[in-house]
>>> print(open('model-v9.cif').read())   # mmCIF, C-alpha atoms
data_target
#
loop_
_atom_site.group_PDB
_atom_site.id
_atom_site.type_symbol
_atom_site.label_atom_id
_atom_site.label_comp_id
_atom_site.auth_asym_id
_atom_site.auth_seq_id
_atom_site.Cartn_x
_atom_site.Cartn_y
_atom_site.Cartn_z
ATOM 1 C CA VAL B 21 87.034 95.958 98.517
ATOM 2 C CA GLN B 22 88.442 94.273 95.391
ATOM 3 C CA THR B 23 88.961 91.026 97.275
ATOM 4 C CA ARG B 24 85.378 90.945 98.545
ATOM 5 C CA LEU B 25 83.975 91.914 95.140
ATOM 6 C CA SER B 26 86.084 89.143 93.597
ATOM 7 C CA GLU B 27 84.746 86.600 96.113
ATOM 8 C CA LEU B 28 81.233 87.610 95.107
ATOM 9 C CA GLY B 29 82.004 87.431 91.366
ATOM 10 C CA TYR B 30 81.784 91.183 90.685
ATOM 11 C CA TYR B 31 85.491 91.873 90.169
ATOM 12 C CA THR B 32 87.282 89.576 87.712
ATOM 13 C CA TYR B 33 90.597 91.387 87.337
ATOM 14 C CA LYS B 34 93.914 91.206 89.169
ATOM 15 C CA ILE B 35 93.507 92.419 92.733
ATOM 16 C CA ASP B 36 95.962 95.297 92.912
ATOM 17 C CA GLY B 37 94.502 97.535 95.613
ATOM 18 C CA LEU B 38 94.225 100.465 93.202
ATOM 19 C CA TRP B 39 90.878 102.167 92.804
ATOM 20 C CA GLY B 40 90.242 102.543 89.094
ATOM 21 C CA TRP B 41 87.353 102.356 86.673
ATOM 22 C CA ARG B 42 87.150 98.546 86.950
ATOM 23 C CA THR B 43 86.683 98.677 90.707
ATOM 24 C CA THR B 44 84.157 101.489 90.370
ATOM 25 C CA ALA B 45 82.201 99.487 87.768
ATOM 26 C CA ALA B 46 82.215 96.395 89.994
ATOM 27 C CA VAL B 47 80.970 98.425 92.969
ATOM 28 C CA LYS B 48 78.203 99.957 90.833
ATOM 29 C CA GLN B 49 77.103 96.512 89.620
ATOM 30 C CA PHE B 50 77.064 95.239 93.208
ATOM 31 C CA GLN B 51 75.094 98.304 94.286
ATOM 32 C CA ARG B 52 72.614 97.788 91.436
ATOM 33 C CA ASP B 53 72.065 94.148 92.414
ATOM 34 C CA TYR B 54 71.615 95.037 96.094
ATOM 35 C CA GLY B 55 69.267 97.978 95.531
ATOM 36 C CA LEU B 56 71.759 100.584 96.717
ATOM 37 C CA THR B 57 72.546 103.997 95.268
ATOM 38 C CA GLN B 58 74.723 103.279 92.235
ATOM 39 C CA ASP B 59 77.490 105.809 92.793
ATOM 40 C CA GLY B 60 80.523 103.499 92.815
ATOM 41 C CA ILE B 61 81.465 104.681 96.300
ATOM 42 C CA VAL B 62 81.822 102.287 99.208
ATOM 43 C CA GLY B 63 79.959 104.300 101.804
ATOM 44 C CA SER B 64 78.457 102.840 104.955
ATOM 45 C CA TRP B 65 75.503 101.049 103.277
ATOM 46 C CA THR B 66 77.649 99.479 100.568
ATOM 47 C CA GLU B 67 80.257 98.520 103.166
ATOM 48 C CA LYS B 68 77.602 96.815 105.302
ATOM 49 C CA SER B 69 76.087 95.062 102.266
ATOM 50 C CA LEU B 70 79.519 93.781 101.244
ATOM 51 C CA LYS B 71 79.927 92.530 104.832
ATOM 52 C CA ILE B 72 83.307 94.211 105.189
ATOM 53 C CA THR B 73 84.737 96.814 107.519
ATOM 54 C CA LEU B 74 86.936 99.477 106.027
ATOM 55 C CA SER B 75 89.696 100.747 108.251
ATOM 56 C CA GLY B 76 92.967 102.596 107.980
ATOM 57 C CA GLY B 77 93.934 106.048 106.789
ATOM 58 C CA SER B 78 91.897 106.004 103.606
ATOM 59 C CA SER B 79 88.495 105.402 105.166
ATOM 60 C CA GLN B 80 86.487 108.554 105.688
ATOM 61 C CA SER B 81 85.216 107.268 109.032
ATOM 62 C CA SER B 82 88.754 107.126 110.418
ATOM 63 C CA VAL B 83 89.659 110.674 109.386
ATOM 64 C CA SER B 84 89.070 113.551 111.761
ATOM 65 C CA SER B 85 86.833 116.424 110.760
ATOM 66 C CA ALA B 86 89.921 118.663 110.834
ATOM 67 C CA ASN B 87 91.673 116.444 108.289
ATOM 68 C CA LEU B 88 88.555 116.284 106.116
ATOM 69 C CA ASP B 89 88.366 120.080 106.233
ATOM 70 C CA LEU B 90 92.059 120.440 105.368
ATOM 71 C CA LEU B 91 91.754 118.016 102.436
ATOM 72 C CA ALA B 92 88.632 119.835 101.194
ATOM 73 C CA ARG B 93 90.430 123.193 101.493
ATOM 74 C CA CYS B 94 93.308 121.771 99.443
ATOM 75 C CA VAL B 95 90.883 120.533 96.779
ATOM 76 C CA TYR B 96 89.105 123.896 96.681
ATOM 77 C CA ALA B 97 92.327 125.896 96.559
ATOM 78 C CA GLU B 98 94.032 123.706 93.959
ATOM 79 C CA ALA B 99 91.141 122.552 91.769
ATOM 80 C CA ARG B 100 88.044 124.741 92.047
ATOM 81 C CA GLY B 101 86.677 125.224 88.570
ATOM 82 C CA GLU B 102 87.965 121.819 87.474
ATOM 83 C CA PRO B 103 85.611 118.953 86.587
ATOM 84 C CA TYR B 104 84.351 117.059 89.644
ATOM 85 C CA VAL B 105 86.427 113.972 88.823
ATOM 86 C CA GLY B 106 89.486 116.252 88.687
ATOM 87 C CA GLN B 107 88.720 117.545 92.163
ATOM 88 C CA VAL B 108 88.473 113.975 93.469
ATOM 89 C CA ALA B 109 91.746 113.225 91.675
ATOM 90 C CA VAL B 110 93.529 116.064 93.490
ATOM 91 C CA ALA B 111 92.332 114.700 96.840
ATOM 92 C CA ALA B 112 93.399 111.196 95.771
ATOM 93 C CA VAL B 113 96.922 112.428 95.004
ATOM 94 C CA VAL B 114 97.187 113.783 98.551
ATOM 95 C CA LEU B 115 96.003 110.444 99.961
ATOM 96 C CA ASN B 116 98.337 108.504 97.649
ATOM 97 C CA ARG B 117 101.217 110.549 99.040
ATOM 98 C CA VAL B 118 100.122 109.757 102.615
ATOM 99 C CA LYS B 119 100.380 106.048 101.727
ATOM 100 C CA SER B 120 103.761 106.432 99.984
ATOM 101 C CA ALA B 121 107.001 106.019 101.916
ATOM 102 C CA SER B 122 108.411 108.954 99.906
ATOM 103 C CA PHE B 123 106.124 111.516 101.573
ATOM 104 C CA PRO B 124 104.904 112.446 105.057
ATOM 105 C CA ASN B 125 102.368 109.976 106.457
ATOM 106 C CA THR B 126 99.607 112.407 107.394
ATOM 107 C CA ILE B 127 97.251 114.575 105.365
ATOM 108 C CA ALA B 128 98.581 117.722 107.047
ATOM 109 C CA GLY B 129 102.177 116.577 106.578
ATOM 110 C CA VAL B 130 101.633 116.061 102.860
ATOM 111 C CA ILE B 131 99.718 119.300 102.280
ATOM 112 C CA TYR B 132 102.112 121.450 104.309
ATOM 113 C CA GLN B 133 105.287 119.817 102.983
ATOM 114 C CA PRO B 134 107.424 122.778 101.854
ATOM 115 C CA TRP B 135 106.778 123.800 98.235
ATOM 116 C CA ALA B 136 104.500 120.824 97.583
ATOM 117 C CA PHE B 137 101.351 122.841 96.831
ATOM 118 C CA THR B 138 101.128 126.329 95.368
ATOM 119 C CA ALA B 139 97.916 126.934 97.312
ATOM 120 C CA VAL B 140 99.839 126.674 100.589
ATOM 121 C CA ASN B 141 102.538 129.069 99.397
ATOM 122 C CA ASP B 142 100.073 131.733 98.231
ATOM 123 C CA GLY B 143 97.605 131.334 101.122
ATOM 124 C CA GLN B 144 94.660 129.939 99.128
ATOM 125 C CA ILE B 145 94.703 126.890 101.444
ATOM 126 C CA ASN B 146 92.942 129.151 103.957
ATOM 127 C CA LEU B 147 89.883 129.687 101.733
ATOM 128 C CA SER B 148 86.661 128.003 102.864
ATOM 129 C CA PRO B 149 85.833 124.987 100.686
ATOM 130 C CA ASN B 150 82.501 124.737 98.908
ATOM 131 C CA ALA B 151 80.185 121.712 99.079
ATOM 132 C CA THR B 152 81.677 120.236 95.911
ATOM 133 C CA ALA B 153 85.209 120.279 97.322
ATOM 134 C CA ILE B 154 83.985 118.666 100.549
ATOM 135 C CA LYS B 155 82.177 115.943 98.600
ATOM 136 C CA ALA B 156 85.285 115.362 96.440
ATOM 137 C CA ALA B 157 87.428 114.978 99.574
ATOM 138 C CA LYS B 158 84.909 112.518 101.035
ATOM 139 C CA ASP B 159 84.795 110.513 97.808
ATOM 140 C CA ALA B 160 88.588 110.220 97.770
ATOM 141 C CA LEU B 161 88.618 109.251 101.455
ATOM 142 C CA ASN B 162 86.065 106.564 100.625
ATOM 143 C CA GLY B 163 88.476 105.063 98.106
ATOM 144 C CA TRP B 164 87.762 106.674 94.741
ATOM 145 C CA ASP B 165 91.068 107.315 92.981
ATOM 146 C CA PRO B 166 90.543 108.470 89.393
ATOM 147 C CA THR B 167 94.345 108.709 89.028
ATOM 148 C CA ASN B 168 95.025 105.038 89.711
ATOM 149 C CA GLY B 169 97.794 105.815 92.172
ATOM 150 C CA CYS B 170 99.372 109.022 90.859
ATOM 151 C CA LEU B 171 101.552 111.029 93.233
ATOM 152 C CA TYR B 172 101.728 114.310 91.309
ATOM 153 C CA TYR B 173 99.531 116.712 89.406
ATOM 154 C CA TYR B 174 100.203 120.001 87.707
ATOM 155 C CA ASN B 175 98.756 122.466 85.249
ATOM 156 C CA PRO B 176 101.060 122.363 82.203
ATOM 157 C CA SER B 177 100.063 125.937 81.303
ATOM 158 C CA THR B 178 101.240 127.379 84.615
ATOM 159 C CA ALA B 179 103.853 124.931 85.974
ATOM 160 C CA THR B 180 107.216 126.586 86.592
ATOM 161 C CA SER B 181 109.161 123.648 88.028
ATOM 162 C CA LYS B 182 111.360 122.018 85.404
ATOM 163 C CA TRP B 183 111.469 118.876 87.548
ATOM 164 C CA ILE B 184 107.729 118.170 87.231
ATOM 165 C CA TRP B 185 108.115 117.780 83.464
ATOM 166 C CA SER B 186 110.311 114.710 84.111
ATOM 167 C CA ARG B 187 107.384 112.805 85.649
ATOM 168 C CA THR B 188 105.461 110.316 83.496
ATOM 169 C CA VAL B 189 101.985 111.689 82.773
ATOM 170 C CA MET B 190 99.373 108.969 83.215
ATOM 171 C CA LEU B 191 96.252 110.998 82.428
ATOM 172 C CA SER B 192 94.854 114.493 82.093
ATOM 173 C CA ILE B 193 91.649 115.700 83.704
ATOM 174 C CA GLY B 194 90.532 119.241 83.000
ATOM 175 C CA LYS B 195 93.598 121.485 83.087
ATOM 176 C CA HIS B 196 95.686 119.101 85.222
ATOM 177 C CA ASN B 197 98.137 116.386 84.242
ATOM 178 C CA PHE B 198 98.425 113.514 86.733
ATOM 179 C CA ALA B 199 101.772 111.768 86.926
ATOM 180 C CA LYS B 200 103.711 109.041 88.690
#
>>> encode(input="model-v9.cif", output="structure tokens")
Amino acid sequence: VQTRLSELGYYTYKIDGLWGWRTTAAVKQFQRDYGLTQDGIVGSWTEKSLKITLSGGSSQSSVSSANLDLLARCVYAEARGEPYVGQVAVAAVVLNRVKSASFPNTIAGVIYQPWAFTAVNDGQINLSPNATAIKAAKDALNGWDPTNGCLYYYNPSTATSKWIWSRTVMLSIGKHNFAK
């Protein structure tokens, strides 16, 4: 997406493959100029207008409905009550782990990795997600990463693992810290 936006003059920064505010702003400007909904998300209409085809594990269209449901359940269980961008960020962390060689390479593998998510341990992963959690999962699958590549998140008020405090916090959204 960054490469195509750069070719068209919308993205003037280093192409790093990370979805941050600069990429979102470039997508919104492109969408504005092409009469599309200005949401900063590369959905099917924006993809077609950019004349690109998204593929791979991070494209919503390549993810099964079961994986979308699992990601949405994780978002709901871990981040309901958080700001919307924080819910997207939680989903993005899961997807960032899928892409990382340090974690399992599937959404289910990441979410069900032993002791990775409190919501799995306490059974909240089995709650039905609401529409907001589903939308947040879809937005992350479509490439929105408010964390800019973070692999961890935690609530500093409730975290019990001493190890998590050793991670470098990159940003805070709502009650969660996001770290590398």
>>> residues_around(input="model-v9.cif", residues="stretch 184-190 of chain B", least_positions_apart="4", cutoff="8 Å", atoms="all atoms listed in the file", output="PDB file with C-alpha atoms, in the coordinates of the input")
ATOM      1  CA  THR B 167      94.345 108.709  89.028  1.00  0.00           C
ATOM      2  CA  CYS B 170      99.372 109.022  90.859  1.00  0.00           C
ATOM      3  CA  TYR B 174     100.203 120.001  87.707  1.00  0.00           C
ATOM      4  CA  ALA B 179     103.853 124.931  85.974  1.00  0.00           C
ATOM      5  CA  ASN B 197      98.137 116.386  84.242  1.00  0.00           C
ATOM      6  CA  PHE B 198      98.425 113.514  86.733  1.00  0.00           C
ATOM      7  CA  ALA B 199     101.772 111.768  86.926  1.00  0.00           C
ATOM      8  CA  LYS B 200     103.711 109.041  88.690  1.00  0.00           C
TER       9      LYS B 200
END
>>> closest_residue(input="model-v9.cif", among="B:Ala86, B:Asn162, B:Pro176, B:Val95", to="B:Asp59", atoms="all atoms listed in the file")
B:Asn162
>>> closest_residue(input="model-v9.cif", among="B:Lys155, B:Lys68, B:Lys119, B:Lys34", to="B:Val105", atoms="all atoms listed in the file")
B:Lys155
>>> closest_residue(input="model-v9.cif", among="B:Lys48, B:Arg117, B:Arg24, B:Arg93", to="B:Ile72", atoms="all atoms listed in the file")
B:Arg24
>>> closest_residue(input="model-v9.cif", among="B:Leu28, B:Val114, B:Ile61, B:Ile193", to="B:Leu90", atoms="all atoms listed in the file")
B:Val114
>>> residues_near_point(input="model-v9.cif", point="(77.9, 101.0, 88.6)", cutoff="8 Å", atoms="all atoms listed in the file", output="number ranges by chain")
B: 44-52, 58-60
>>> residues_around(input="model-v9.cif", residues="B:Val21", least_positions_apart="6", cutoff="9 Å", atoms="only C-alpha atoms", output="PDB file with C-alpha atoms, in the frame of the given file")
ATOM      1  CA  GLY B  37      94.502  97.535  95.613  1.00  0.00           C
ATOM      2  CA  THR B  43      86.683  98.677  90.707  1.00  0.00           C
ATOM      3  CA  VAL B  47      80.970  98.425  92.969  1.00  0.00           C
ATOM      4  CA  VAL B  62      81.822 102.287  99.208  1.00  0.00           C
ATOM      5  CA  GLU B  67      80.257  98.520 103.166  1.00  0.00           C
ATOM      6  CA  LEU B  70      79.519  93.781 101.244  1.00  0.00           C
ATOM      7  CA  ILE B  72      83.307  94.211 105.189  1.00  0.00           C
ATOM      8  CA  LEU B  74      86.936  99.477 106.027  1.00  0.00           C
TER       9      LEU B  74
END
>>> residues_around(input="model-v9.cif", residues="B:Ile35", least_positions_apart="4", cutoff="10 Å", atoms="only C-alpha atoms", output="list in words")
Val21, Gln22, Thr23, Leu25, Ser26, Tyr31 and Thr43 of chain B
>>> closest_residue(input="model-v9.cif", among="B:Asn146, B:Asn168, B:Asn141, B:Thr32", to="B:Val108", atoms="all atoms listed in the file")
B:Asn168
>>> residues_near_point(input="model-v9.cif", point="(90.3, 118.4, 82.0)", cutoff="12 Å", atoms="all atoms listed in the file", output="PyMOL selection string")
chain B and resi 99+101-107+109+173-176+191-198
>>> residues_around(input="model-v9.cif", residues="B:Tyr96", least_positions_apart="3", cutoff="10 Å", atoms="all atoms listed in the file", output="list in words")
Leu90, Leu91, Ala92, Arg93, Ala99, Arg100, Gly101, Glu102, Gln107, Val110, Ala111, Ala139, Gln144, Ile145, Asn146, Leu147, Ser148, Pro149, Asn150, Ala151, Thr152, Ala153, Ile154, Ala156 and Ala157 of chain B
>>> closest_residue(input="model-v9.cif", among="B:Ile127, B:Ala97, B:Ala136, B:Ala112", to="B:Asp165", atoms="only C-alpha atoms")
B:Ala112
>>> atom_distance(input="model-v9.cif", atom1="atom CA of B:Ala121", atom2="atom CA of B:Tyr172")
14.5 Å
>>> axis_aligned_box(input="model-v9.cif", around="stretch 178-181 of chain B", padding_each_side="3 Å", output="lines of an AutoDock Vina configuration file")
center_x = 105.2
center_y = 125.5
center_z = 86.3
size_x = 13.9
size_y = 9.7
size_z = 9.4
>>> residues_around(input="model-v9.cif", residues="B:Gly129", least_positions_apart="4", cutoff="10 Å", atoms="all atoms listed in the file", output="short mmCIF file (atom, residue, chain, number, x, y, z; two decimals) with C-alpha atoms, in the coordinates of the input")
data_model
loop_
_atom_site.label_atom_id
_atom_site.label_comp_id
_atom_site.auth_asym_id
_atom_site.auth_seq_id
_atom_site.Cartn_x
_atom_site.Cartn_y
_atom_site.Cartn_z
CA VAL B 114 97.19 113.78 98.55
CA ARG B 117 101.22 110.55 99.04
CA VAL B 118 100.12 109.76 102.62
CA PHE B 123 106.12 111.52 101.57
CA PRO B 124 104.90 112.45 105.06
CA ASN B 125 102.37 109.98 106.46
CA GLN B 133 105.29 119.82 102.98
CA PRO B 134 107.42 122.78 101.85
#
>>> atom_distance(input="model-v9.cif", atom1="atom CA of B:Gly163", atom2="atom CA of B:Arg42")
13.0 Å
>>> atom_distance(input="model-v9.cif", atom1="atom CA of B:Ile131", atom2="atom CA of B:Asp159")
17.9 Å
>>> build_atoms(input="model-v9.cif", residues="stretch 37-48 of chain B", atoms="all heavy atoms", output="CSV table (one decimal), in the frame of the given file")
chain,number,residue,atom,x,y,z
B,37,GLY,N,94.7,96.5,94.6
B,37,GLY,CA,94.5,97.5,95.6
B,37,GLY,C,94.4,99.0,95.1
B,37,GLY,O,94.3,99.9,95.9
B,38,LEU,N,94.4,99.1,93.8
B,38,LEU,CA,94.2,100.5,93.2
B,38,LEU,C,92.8,100.7,92.8
B,38,LEU,O,92.2,99.8,92.2
B,38,LEU,CB,95.1,100.6,92.0
B,38,LEU,CG,96.6,100.4,92.3
B,38,LEU,CD1,97.4,100.5,91.0
B,38,LEU,CD2,97.1,101.5,93.2
B,39,TRP,N,92.3,101.9,93.1
B,39,TRP,CA,90.9,102.2,92.8
B,39,TRP,C,90.8,102.8,91.4
B,39,TRP,O,91.2,103.9,91.3
B,39,TRP,CB,90.3,103.1,93.8
B,39,TRP,CG,88.8,103.2,93.7
B,39,TRP,CD1,88.1,103.9,92.8
B,39,TRP,CD2,87.9,102.5,94.5
B,39,TRP,NE1,86.7,103.7,93.0
B,39,TRP,CE2,86.6,102.8,94.0
B,39,TRP,CE3,88.0,101.6,95.6
B,39,TRP,CZ2,85.4,102.3,94.6
B,39,TRP,CZ3,86.8,101.1,96.1
B,39,TRP,CH2,85.6,101.4,95.6
B,40,GLY,N,90.4,102.1,90.5
B,40,GLY,CA,90.2,102.5,89.1
B,40,GLY,C,88.8,102.3,88.6
B,40,GLY,O,87.9,102.0,89.3
B,41,TRP,N,88.7,102.5,87.3
B,41,TRP,CA,87.4,102.4,86.7
B,41,TRP,C,86.8,100.9,86.8
B,41,TRP,O,85.6,100.8,86.9
B,41,TRP,CB,87.4,102.8,85.2
B,41,TRP,CG,88.2,101.9,84.3
B,41,TRP,CD1,89.5,102.0,84.0
B,41,TRP,CD2,87.7,100.7,83.6
B,41,TRP,NE1,89.9,101.0,83.1
B,41,TRP,CE2,88.8,100.2,82.9
B,41,TRP,CE3,86.4,100.1,83.5
B,41,TRP,CZ2,88.6,99.1,82.1
B,41,TRP,CZ3,86.3,99.0,82.7
B,41,TRP,CH2,87.4,98.5,82.0
B,42,ARG,N,87.6,99.9,86.8
B,42,ARG,CA,87.2,98.5,87.0
B,42,ARG,C,86.5,98.3,88.3
B,42,ARG,O,85.5,97.7,88.5
B,42,ARG,CB,88.3,97.5,86.7
B,42,ARG,CG,88.7,97.5,85.2
B,42,ARG,CD,89.9,96.6,85.0
B,42,ARG,NE,90.2,96.5,83.6
B,42,ARG,CZ,91.4,96.3,83.1
B,42,ARG,NH1,92.4,96.0,83.9
B,42,ARG,NH2,91.6,96.2,81.8
B,43,THR,N,87.2,98.8,89.3
B,43,THR,CA,86.7,98.7,90.7
B,43,THR,C,85.4,99.5,90.8
B,43,THR,O,84.4,99.0,91.4
B,43,THR,CB,87.7,99.2,91.7
B,43,THR,OG1,89.0,98.5,91.5
B,43,THR,CG2,87.2,98.9,93.2
B,44,THR,N,85.4,100.7,90.3
B,44,THR,CA,84.2,101.5,90.4
B,44,THR,C,83.0,100.8,89.7
B,44,THR,O,81.9,100.7,90.2
B,44,THR,CB,84.4,102.9,89.7
B,44,THR,OG1,85.4,103.5,90.4
B,44,THR,CG2,83.2,103.7,89.8
B,45,ALA,N,83.3,100.2,88.5
B,45,ALA,CA,82.2,99.5,87.8
B,45,ALA,C,81.7,98.3,88.6
B,45,ALA,O,80.5,98.0,88.6
B,45,ALA,CB,82.7,99.1,86.4
B,46,ALA,N,82.6,97.6,89.2
B,46,ALA,CA,82.2,96.4,90.0
B,46,ALA,C,81.4,96.8,91.2
B,46,ALA,O,80.4,96.2,91.5
B,46,ALA,CB,83.5,95.6,90.5
B,47,VAL,N,81.7,97.9,91.8
B,47,VAL,CA,81.0,98.4,93.0
B,47,VAL,C,79.6,98.8,92.5
B,47,VAL,O,78.6,98.5,93.1
B,47,VAL,CB,81.7,99.6,93.7
B,47,VAL,CG1,80.8,100.3,94.7
B,47,VAL,CG2,83.0,99.1,94.3
B,48,LYS,N,79.5,99.5,91.4
B,48,LYS,CA,78.2,100.0,90.8
B,48,LYS,C,77.3,98.8,90.5
B,48,LYS,O,76.1,98.8,90.8
B,48,LYS,CB,78.4,100.8,89.6
B,48,LYS,CG,78.8,102.2,89.9
B,48,LYS,CD,79.0,103.1,88.6
B,48,LYS,CE,79.4,104.5,89.0
B,48,LYS,NZ,79.5,105.3,87.8
